[in-house]
Every structure is written in C-alpha cells, then in structure tokens.
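**Student:** One structure is given below, represented as structure tokens, and several questions about it will come after.
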2 protein chains.
Amino acid sequence: MEDKFQLLKQHFEEIVSLTDEEWNFVQSHFEFKSLKKHQFLIQVGQPVDFEYWIIKGLVKAYSIDEKGKEHILQFAMENYWVSDHCAFQHQEPGTIFVDCLEDSEFFCLSLENREKICFEVPAVANFFRIKSNHGYINLQQRILSLLTMTAESRYEYLLNKLPTLIQRVPKKLIASYLGVSRETLSRFNS
Amino acid sequence: MEDKFQLLKQHFEEIVSLTDEEWNFVQSHFEFKSLKKHQFLIQVGQPVDFEYWIIKGLVKAYSIDEKGKEHILQFAMENYWVSDHCAFQHQEPGTIFVDCLEDSEFFCLSLENREKICFEVPAVANFFRIKSNHGYINLQQRILSLLTMTAESRYEYLLNKLPTLIQRVPKKLIASYLGVSRETLSRFNS
DNA sequence: AGCTAAAAGTGACCTAAATCACTTTTCCAT
DNA sequence: ATGGAAAAGTGATTTAGGTCACTTTTAGCT
C-alpha cells in the first residue's frame with residue numbers, strides 16, 4: 001500500500017510541493033478501493049460519495065439515453081481522476097454510470113475530506129485548482145472538436161492523442177466516445 | 001471604479017471569505033479595461049496576457065475553421081470569466097478569437113498575478129479551484145448534450161437554461177454555439 | 001423618417017452519417 | 001482445443017441536418 005500512496009504523492013508533486021507532515025495529513029484522507037472488470041464505481045440514482053484517483057486500471061464514464069444507447073463522457077486510466085463530478089459536488093444521486101473496463105484500483109476522496117485538505121493545506125487547493133483548470137482546457141478542446149471536425153478527423157485526432165487507449169478499448173466504445181456509430185467508425189481507416 | 005471592484009469582491013465572496021487586507025491585496029492585481037462592440041479582446045496568433053472577468057457587457061469566444069465558418073465555444077457576460085485558457089495557461093499565441101457583442105468592461109488578471117494571489121492568499125486558490133470545478137461540470141454537460149441530444153432539443157435546452165442570452169444574441173450565433181446551421185435552427189420553434 | 005445592412009425565414013436539393021440486417025473475426029472460458 | 005459470445009466488418013436504405021439561392025424582416029445610422 002505504501003508504494004501506491006507513493007504514486008499518489010508523485011502525482012501531487014508534479015504540480016505542487018508538500019512537506020512530509022502535509023503529505024501524511026493529506027494521505028490519511030484517502031481510502032483504498034479495488035474493483036474487478038465490469039464492476040460499477042458509480043451508478044445512476046446511487047449516492048456519489050467520492051472522487052476517485054486511479055492507481056491502476058481503466059474505467060468508462062457514460063450515460064444511457066432513452067433508446068438505451070450508451071454515450072461515453074470520459075475514459076479514465078492510471079493517474080486520472082474520475083467521478084460524477086456534478087452529482088458529487090452537489091451531493092446528489094448519480095446521473096451517470098462509471099464501470100471498470102479492466103480490474104482497477106482507486107484512492108477515494110470524499111467531498112468533506114477534499115474540502116478539509118484544501119482548506120488546511122493551501123498547496124492542495126492549488127493542486128486541485130491547477131488540475132481542474134487543465135481538465136477545463138481539455139473539455140474545451142473536445143467541444144471544439146465536436147463542433148468543427150468531422151467524425152473521421154476526430155478519430156484520427158484521438159488515435160494520435162491517445163494511441164495506447166485504442167489498444168485497451170473496443171472500437172465500439174471509441175465510437176461512442178466520438179459520437180459516431182460503430183458501423184461508421186468501422187468504415188473509416190487508416 | 002470603487003463600485004466596480006465592489007462587484008468583483010462580491011463575486012469572490014459568494015464562494016470564499018476574505019479579510020479587508022486580503023481583498024486589498026487581491027484587488028491591486030487586477031487591471032481595468034473597456035471595449036466597444038466589435039472590438040477584440042483576444043485574437044488568434046496574438047499574445048494572451050490576461051484572463052478577464054466581465055464587469056458588464058457580452059462577448060463571444062470562437063474559432064474559425066478552414067472554410068471560414070465560425071464555431072462558438074462560449075458566450076460570456078456579467079460575472080463570467082473568459083480567456084483563451086489554453087493559450088493563457090501555456091503563455092502561447094492565441095488559438096481563438098474573443099470579441100465584444102456589446103460595449104463591455106473587464107477586470108484583467110495576468111498569469112503571474114493569478115499565481116501570486118493564489119499562493120499568497122489560500123482563499124483565492126480555493127475560489128479559483130471551486131470556480132474551475134463548476135466550469136468543468138458545465139462543459140461536461142455541454143459535451144453530453146452534443147453527444148446525446150438532437151439539435152432541436154439542444155436549442156430548447158438552451159432556451160430554458162439561458163433565456164436572457166437569446167434576447168441579447170442573434171440567432172445565427174446561437175446556431176453556431178449549438179453546432180447547427182442558421183437555416184436549420186430557423187426551422188425549429190417554439 | 002428613411003436607407004442600408006445584418007438577421008431571419010423558406011424552398012429545393014444534397015450528403016454525411018445513422019440504422020438495419022447480416023456475415024466474419026476475435027476473444028475468452030471451460 | 002473448442003464452442004459461444006462479443007466485437008468488427010459490410011451492404012442497402014433512411015434521415016437529420018447541411019448547403020445554396022432567394023425573399024422578408026428587423027435593427028442601426030445619419
């Protein structure tokens with residue numbers, strides 16, 4: 001477990017510096033969780049008690065429309081944060097599903113604990129501020145890509161940006177992430 | 001000017017508390033700027049020296065594709081923050097345009113000053129952390145709407161969410177924000 | 001008030017991508 | 001190794017929305 005916390009510490013220290021004392025305080029506010037492939041981290045209608053940092057593994061965050069079609073909001077793997085941020089922030093029932101595409105391990109942070117470490121340790125507030133800012137920038141990029149690019153060039157762009165992801169995820173899920181049908185994606189290529 | 005700073009202070013205090021001393025320090029790191037309708041706040045290829053908080057007015061942030069078509073990333077009005085966050089964060093030349101749809105006034109915050117006030121005043125770091133998180137959640141919503149909804153229901157959804165915006169903005173820009181052609185939007189209705 | 005330009009509406013036609021139906025391939029679990 | 005299920009590929013058809021061309025309406029200016 002110590003080595004896993006070490007990974008998390010490195011993740012923080014890529015952005016901010018923490019004293020040993022601060023780190024011990026921060027670390028004590030995380031819980032460990034482990035799930036097998038196909039198990040759910042978050043479900044629609046269920047409480048969303050945590051934000052999750054992924055130690056290892058791969059998950060998908062998605063919503064299901066009236067017709068039962070799955071739309072993927074995010075893939076998240078090692079070093080990524082994932083949650084139903086909206087439900088988590090407002091402490092409301094989940095609005096999306098998050099489940100494991102591989103056996104996965106997480107560090108879990110409750111809202112109360114997050115606010116506690118942010119207000120106790122300013123560097124942590126800055127860490128999450130900067131992380132959140134990066135996330136915002138990424139989502140803006142994705143929105144622009146949805147507005148300006150054809151399905152095919154979004155695919156090429158993704159192949160280029162996250163080549164490893166394609167290896168780990170069935171193409172039909174990539175299609176759902178890009179907002180294209182499985183059949184159409186299969187007709188592209190490359 | 002004092003009354004304008006008062007508005008900004010209220011904006012901060014909706015999220016965090018600041019002592020008078022802290023506020024004076026924070027305030028001193030903003031510059032004032034005023035622009036007329038049609039003037040540019042940010043242009044592609046130009047340095048992006050600031051993040052802007054809108055005191056009054058309305059702007060659009062957009063990119064232009066190879067065919068000369070405009071794609072609106074964001075509308076921003078009173079109390080909103082706007083910038084080319086990506087270029088600003090990395091101190092690179094602008095990748096989008098931001099211009100005024102109405103005469104507008106701004107408080108401008110440089111990257112250096114932002115980091116300074118965030119590391120000097122923890123409450124400010126928390127303010128931006130929480131703001132950024134809200135922004136992230138909004139963008140996730142928008143992505144989901146682009147993935148799951150038809151153009152028409154995205155329009156209805158926007159009418160519902162920002163009824164005031166529709167009054168202030170020509171429909172062709174709303175179309176561009178929703179990722180629909182002007183003609184198609186005109187055929188909806190409502 | 002009157003003139004111009006931008007915005008909005010509308011019809012005809014076109015196209016990218018969705019959907020449906022089916023086949024082939026790949027991946028696991030026993 | 002092998003049988004079954006999930007994934008991927010492919011052809012035929014449909015459709016939402018784009019594009020083009022033109023008209024009508026609205027909003028700013030002087």
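Residues are named by chain letter and number: chains run A, B, ... in the order of the structure tokens, numbers start at 1 in each chain, and ligands are numbered from 1 in the order shown.
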Using only C-alpha atoms (C1' of nucleotides), find which residues of chain A lie within 10 Å of chain C and jot them down as a VMD selection string.
**Tutor:** chain A and resid 150 to 151 180 to 185
**Student:** Apply DSSP to the structure's backbone, then extract all residues of range 69-153 of chain A labelled helix (DSSP H, G or I) and return them as a PyMOL selection string.
**Tutor:** chain A and resi 85-90+111-120+122-148+151-153
**Student:** Write out as JSON lines a residue-level contact list of chain B versus chain A with cut-off 9 Å: for each qualifying residue the closest pair of atoms and the distance in Å to one decimal, counting only C-alpha atoms, rows sorted by chain and residue number upward.
**Tutor:**
{"residue": "B:Tyr62", "atom": "CA", "partner": "A:Leu144", "partner_atom": "CA", "distance": 9.0}
{"residue": "B:Ser63", "atom": "CA", "partner": "A:Leu144", "partner_atom": "CA", "distance": 8.1}
{"residue": "B:Ile64", "atom": "CA", "partner": "A:Thr148", "partner_atom": "CA", "distance": 8.7}
{"residue": "B:Asp65", "atom": "CA", "partner": "A:Thr148", "partner_atom": "CA", "distance": 6.8}
{"residue": "B:Lys69", "atom": "CA", "partner": "A:Thr148", "partner_atom": "CA", "distance": 8.8}
{"residue": "B:Glu70", "atom": "CA", "partner": "A:Thr148", "partner_atom": "CA", "distance": 8.9}
{"residue": "B:His71", "atom": "CA", "partner": "A:Leu147", "partner_atom": "CA", "distance": 6.6}
{"residue": "B:Ile72", "atom": "CA", "partner": "A:Leu144", "partner_atom": "CA", "distance": 8.3}
{"residue": "B:Leu73", "atom": "CA", "partner": "A:Leu144", "partner_atom": "CA", "distance": 6.7}
{"residue": "B:His85", "atom": "CA", "partner": "A:Ile137", "partner_atom": "CA", "distance": 6.5}
{"residue": "B:Cys86", "atom": "CA", "partner": "A:Ile137", "partner_atom": "CA", "distance": 5.8}
{"residue": "B:Gln89", "atom": "CA", "partner": "A:His134", "partner_atom": "CA", "distance": 8.7}
{"residue": "B:Cys118", "atom": "CA", "partner": "A:Asn126", "partner_atom": "CA", "distance": 7.2}
{"residue": "B:Phe119", "atom": "CA", "partner": "A:Asn126", "partner_atom": "CA", "distance": 7.5}
{"residue": "B:Val121", "atom": "CA", "partner": "A:Pro122", "partner_atom": "CA", "distance": 8.5}
{"residue": "B:Pro122", "atom": "CA", "partner": "A:Pro122", "partner_atom": "CA", "distance": 5.3}
{"residue": "B:Ala123", "atom": "CA", "partner": "A:Phe119", "partner_atom": "CA", "distance": 7.8}
{"residue": "B:Ala125", "atom": "CA", "partner": "A:Asn126", "partner_atom": "CA", "distance": 5.6}
{"residue": "B:Asn126", "atom": "CA", "partner": "A:Ala125", "partner_atom": "CA", "distance": 5.6}
{"residue": "B:Phe127", "atom": "CA", "partner": "A:Arg129", "partner_atom": "CA", "distance": 8.6}
{"residue": "B:Phe128", "atom": "CA", "partner": "A:Arg129", "partner_atom": "CA", "distance": 6.1}
{"residue": "B:Arg129", "atom": "CA", "partner": "A:Arg129", "partner_atom": "CA", "distance": 3.8}
{"residue": "B:Ile130", "atom": "CA", "partner": "A:Arg129", "partner_atom": "CA", "distance": 7.5}
{"residue": "B:Lys131", "atom": "CA", "partner": "A:Arg129", "partner_atom": "CA", "distance": 8.7}
{"residue": "B:Ser132", "atom": "CA", "partner": "A:Ser132", "partner_atom": "CA", "distance": 5.9}
{"residue": "B:Asn133", "atom": "CA", "partner": "A:Ser132", "partner_atom": "CA", "distance": 5.9}
{"residue": "B:His134", "atom": "CA", "partner": "A:Cys86", "partner_atom": "CA", "distance": 8.2}
{"residue": "B:Gly135", "atom": "CA", "partner": "A:Tyr136", "partner_atom": "CA", "distance": 6.8}
{"residue": "B:Tyr136", "atom": "CA", "partner": "A:Tyr136", "partner_atom": "CA", "distance": 5.0}
{"residue": "B:Ile137", "atom": "CA", "partner": "A:Cys86", "partner_atom": "CA", "distance": 5.8}
{"residue": "B:Asn138", "atom": "CA", "partner": "A:Cys86", "partner_atom": "CA", "distance": 8.6}
{"residue": "B:Leu139", "atom": "CA", "partner": "A:Leu139", "partner_atom": "CA", "distance": 6.3}
{"residue": "B:Gln140", "atom": "CA", "partner": "A:Leu139", "partner_atom": "CA", "distance": 7.1}
{"residue": "B:Gln141", "atom": "CA", "partner": "A:Cys86", "partner_atom": "CA", "distance": 8.9}
{"residue": "B:Arg142", "atom": "CA", "partner": "A:Ile143", "partner_atom": "CA", "distance": 7.8}
{"residue": "B:Ile143", "atom": "CA", "partner": "A:Ile143", "partner_atom": "CA", "distance": 6.3}
{"residue": "B:Leu144", "atom": "CA", "partner": "A:Leu73", "partner_atom": "CA", "distance": 6.6}
{"residue": "B:Leu146", "atom": "CA", "partner": "A:Leu146", "partner_atom": "CA", "distance": 7.6}
{"residue": "B:Leu147", "atom": "CA", "partner": "A:Gly179", "partner_atom": "CA", "distance": 5.5}
{"residue": "B:Thr148", "atom": "CA", "partner": "A:His71", "partner_atom": "CA", "distance": 6.8}
{"residue": "B:Met149", "atom": "CA", "partner": "A:Asp65", "partner_atom": "CA", "distance": 8.9}
{"residue": "B:Ser176", "atom": "CA", "partner": "A:Leu147", "partner_atom": "CA", "distance": 8.5}
{"residue": "B:Tyr177", "atom": "CA", "partner": "A:Leu147", "partner_atom": "CA", "distance": 8.3}
{"residue": "B:Leu178", "atom": "CA", "partner": "A:Leu147", "partner_atom": "CA", "distance": 8.1}
{"residue": "B:Gly179", "atom": "CA", "partner": "A:Leu147", "partner_atom": "CA", "distance": 5.5}
{"residue": "B:Val180", "atom": "CA", "partner": "A:Leu147", "partner_atom": "CA", "distance": 8.9}
**Student:** Mind dumping the selected residues with N, CA and C atoms as a short mmCIF file (atom, residue, chain, number, x, y, z; two decimals), in the first residue's frame?
**Tutor:**
data_model
loop_
_atom_site.label_atom_id
_atom_site.label_comp_id
_atom_site.auth_asym_id
_atom_site.auth_seq_id
_atom_site.Cartn_x
_atom_site.Cartn_y
_atom_site.Cartn_z
N TYR B 62 -14.67 32.23 -29.99
CA TYR B 62 -14.95 31.35 -31.13
C TYR B 62 -13.70 31.04 -31.92
N SER B 63 -13.77 29.96 -32.68
CA SER B 63 -12.68 29.69 -33.60
C SER B 63 -13.24 29.66 -35.01
N ILE B 64 -12.37 29.84 -35.97
CA ILE B 64 -12.78 29.89 -37.36
C ILE B 64 -12.11 28.74 -38.10
N ASP B 65 -12.91 27.92 -38.77
CA ASP B 65 -12.33 26.75 -39.45
C ASP B 65 -11.80 27.11 -40.84
N LYS B 69 -15.83 29.26 -41.45
CA LYS B 69 -17.02 29.16 -40.61
C LYS B 69 -16.66 29.36 -39.14
N GLU B 70 -17.52 30.09 -38.46
CA GLU B 70 -17.30 30.43 -37.05
C GLU B 70 -17.96 29.38 -36.14
N HIS B 71 -17.21 28.95 -35.12
CA HIS B 71 -17.75 27.98 -34.15
C HIS B 71 -17.62 28.57 -32.76
N ILE B 72 -18.75 28.77 -32.10
CA ILE B 72 -18.71 29.48 -30.82
C ILE B 72 -18.48 28.52 -29.66
N LEU B 73 -17.40 28.79 -28.95
CA LEU B 73 -17.00 27.98 -27.81
C LEU B 73 -17.75 28.42 -26.57
N HIS B 85 -8.10 30.07 -22.45
CA HIS B 85 -7.46 29.49 -21.26
C HIS B 85 -6.24 28.66 -21.61
N CYS B 86 -6.34 27.97 -22.73
CA CYS B 86 -5.23 27.10 -23.13
C CYS B 86 -3.99 27.94 -23.44
N GLN B 89 -2.73 29.79 -20.23
CA GLN B 89 -2.05 28.91 -19.29
C GLN B 89 -0.62 28.59 -19.75
N CYS B 118 -2.97 33.50 -5.73
CA CYS B 118 -3.38 32.15 -5.30
C CYS B 118 -2.42 31.59 -4.26
N PHE B 119 -1.12 31.85 -4.43
CA PHE B 119 -0.18 31.29 -3.47
C PHE B 119 -0.02 32.16 -2.23
N VAL B 121 -2.71 34.05 -0.98
CA VAL B 121 -4.00 34.04 -0.26
C VAL B 121 -4.73 32.73 -0.56
N PRO B 122 -4.62 31.77 0.37
CA PRO B 122 -5.21 30.45 0.11
C PRO B 122 -6.68 30.50 -0.29
N ALA B 123 -7.43 31.43 0.29
CA ALA B 123 -8.85 31.51 -0.05
C ALA B 123 -9.05 31.76 -1.54
N ALA B 125 -6.99 30.71 -3.94
CA ALA B 125 -6.75 29.42 -4.60
C ALA B 125 -8.02 28.58 -4.54
N ASN B 126 -8.67 28.59 -3.38
CA ASN B 126 -9.91 27.83 -3.26
C ASN B 126 -11.02 28.41 -4.12
N PHE B 127 -11.06 29.73 -4.19
CA PHE B 127 -12.05 30.36 -5.07
C PHE B 127 -11.89 29.86 -6.50
N PHE B 128 -10.68 29.92 -7.04
CA PHE B 128 -10.47 29.51 -8.43
C PHE B 128 -10.63 28.01 -8.60
N ARG B 129 -10.25 27.27 -7.59
CA ARG B 129 -10.46 25.82 -7.63
C ARG B 129 -11.93 25.51 -7.80
N ILE B 130 -12.76 26.13 -6.99
CA ILE B 130 -14.19 25.84 -7.00
C ILE B 130 -14.84 26.34 -8.28
N LYS B 131 -14.46 27.55 -8.71
CA LYS B 131 -14.96 28.11 -9.97
C LYS B 131 -14.62 27.20 -11.14
N SER B 132 -13.38 26.76 -11.15
CA SER B 132 -12.89 25.95 -12.25
C SER B 132 -13.63 24.62 -12.28
N ASN B 133 -13.90 24.11 -11.11
CA ASN B 133 -14.66 22.87 -10.99
C ASN B 133 -16.08 23.03 -11.55
N HIS B 134 -16.71 24.15 -11.23
CA HIS B 134 -18.04 24.43 -11.77
C HIS B 134 -17.99 24.52 -13.29
N GLY B 135 -16.95 25.19 -13.78
CA GLY B 135 -16.78 25.31 -15.23
C GLY B 135 -16.64 23.95 -15.88
N TYR B 136 -15.85 23.09 -15.24
CA TYR B 136 -15.64 21.73 -15.75
C TYR B 136 -16.96 20.98 -15.84
N ILE B 137 -17.74 21.09 -14.80
CA ILE B 137 -19.05 20.42 -14.77
C ILE B 137 -19.95 20.93 -15.89
N ASN B 138 -19.95 22.24 -16.11
CA ASN B 138 -20.74 22.81 -17.20
C ASN B 138 -20.31 22.28 -18.57
N LEU B 139 -19.01 22.19 -18.76
CA LEU B 139 -18.53 21.70 -20.05
C LEU B 139 -18.89 20.23 -20.25
N GLN B 140 -18.82 19.45 -19.17
CA GLN B 140 -19.23 18.04 -19.28
C GLN B 140 -20.69 17.95 -19.71
N GLN B 141 -21.51 18.81 -19.14
CA GLN B 141 -22.93 18.84 -19.52
C GLN B 141 -23.07 19.15 -21.00
N ARG B 142 -22.28 20.11 -21.45
CA ARG B 142 -22.39 20.50 -22.86
C ARG B 142 -21.95 19.37 -23.78
N ILE B 143 -20.88 18.67 -23.39
CA ILE B 143 -20.42 17.53 -24.19
C ILE B 143 -21.51 16.47 -24.25
N LEU B 144 -22.09 16.17 -23.10
CA LEU B 144 -23.17 15.18 -23.10
C LEU B 144 -24.31 15.63 -23.99
N LEU B 146 -24.10 17.47 -26.61
CA LEU B 146 -23.68 17.30 -28.01
C LEU B 146 -23.73 15.83 -28.42
N LEU B 147 -23.44 14.94 -27.47
CA LEU B 147 -23.42 13.50 -27.80
C LEU B 147 -24.82 12.90 -27.82
N THR B 148 -25.70 13.37 -26.94
CA THR B 148 -26.96 12.64 -26.75
C THR B 148 -28.18 13.32 -27.35
N MET B 149 -28.14 14.64 -27.52
CA MET B 149 -29.37 15.32 -27.91
C MET B 149 -29.36 15.71 -29.40
N SER B 176 -24.51 28.70 -34.17
CA SER B 176 -23.11 28.34 -34.21
C SER B 176 -22.62 27.76 -32.88
N TYR B 177 -23.22 28.23 -31.80
CA TYR B 177 -22.90 27.68 -30.47
C TYR B 177 -23.41 26.25 -30.33
N LEU B 178 -24.59 26.00 -30.90
CA LEU B 178 -25.21 24.68 -30.78
C LEU B 178 -24.65 23.67 -31.78
N GLY B 179 -23.90 24.17 -32.75
CA GLY B 179 -23.37 23.28 -33.78
C GLY B 179 -24.42 22.91 -34.83
N VAL B 180 -25.27 23.86 -35.17
CA VAL B 180 -26.30 23.67 -36.19
C VAL B 180 -26.17 24.80 -37.19
#
**Student:** Which chain D residues have any atom within 12 Å of an atom of chain B, and for each, what is the nearest pair of atoms with distance in Å to one decimal, counting only C-alpha atoms (C1' of nucleotides), rows sorted by chain and number, as a Markdown table?
**Tutor:**
| residue | atom | partner | partner_atom | distance |
| --- | --- | --- | --- | --- |
| D:DA16 | C1' | B:Thr150 | CA | 8.8 |
| D:DG17 | C1' | B:Thr184 | CA | 6.9 |
| D:DG18 | C1' | B:Ser181 | CA | 7.0 |
| D:DT19 | C1' | B:Ser181 | CA | 9.3 |
| D:DC20 | C1' | B:Glu183 | CA | 11.0 |
| D:DT26 | C1' | B:Pro170 | CA | 11.2 |
| D:DA27 | C1' | B:Pro170 | CA | 11.2 |
**Student:** Find the spatial neighbours of Val59 in chain B, counting only C-alpha atoms (C1' of nucleotides), within a cut-off of 12 Å - ignore same-chain residues fewer than 2 positions away - and output them as a ChimeraX atom specification.
**Tutor:** /B:35-42,52-57,61-62,72-83,97-106,165,168-169,173
**Student:** Write down as a ChimeraX atom specification the residues of range 1-125 of chain B whose backbone DSSP state falls under strand (DSSP E or B).
**Tutor:** /B:31-35,40-42,47,50-56,58-64,70-77,81-82,93,97-100,104-110
**Student:** In Å to one decimal, how far is CA of Gly45 in chain B from CA of Ile96 in chain B?
**Tutor:**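 One can read the CA of Ile96 in chain B to CA of Gly45 in chain B distance as 8.4 Å.
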**Student:** Provide the CA of Leu109 in chain A to CA of Val44 in chain A distance in Å, to one decimal place.
**Tutor:**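 Rounded to one decimal, the two atoms are 19.3 Å apart.
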**Student:** One decimal, Å: what's the distance from CA of Thr95 in chain B over to CA of Ser145 in chain A, could you say?
**Tutor:**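 Those two atoms sit 13.4 Å apart.
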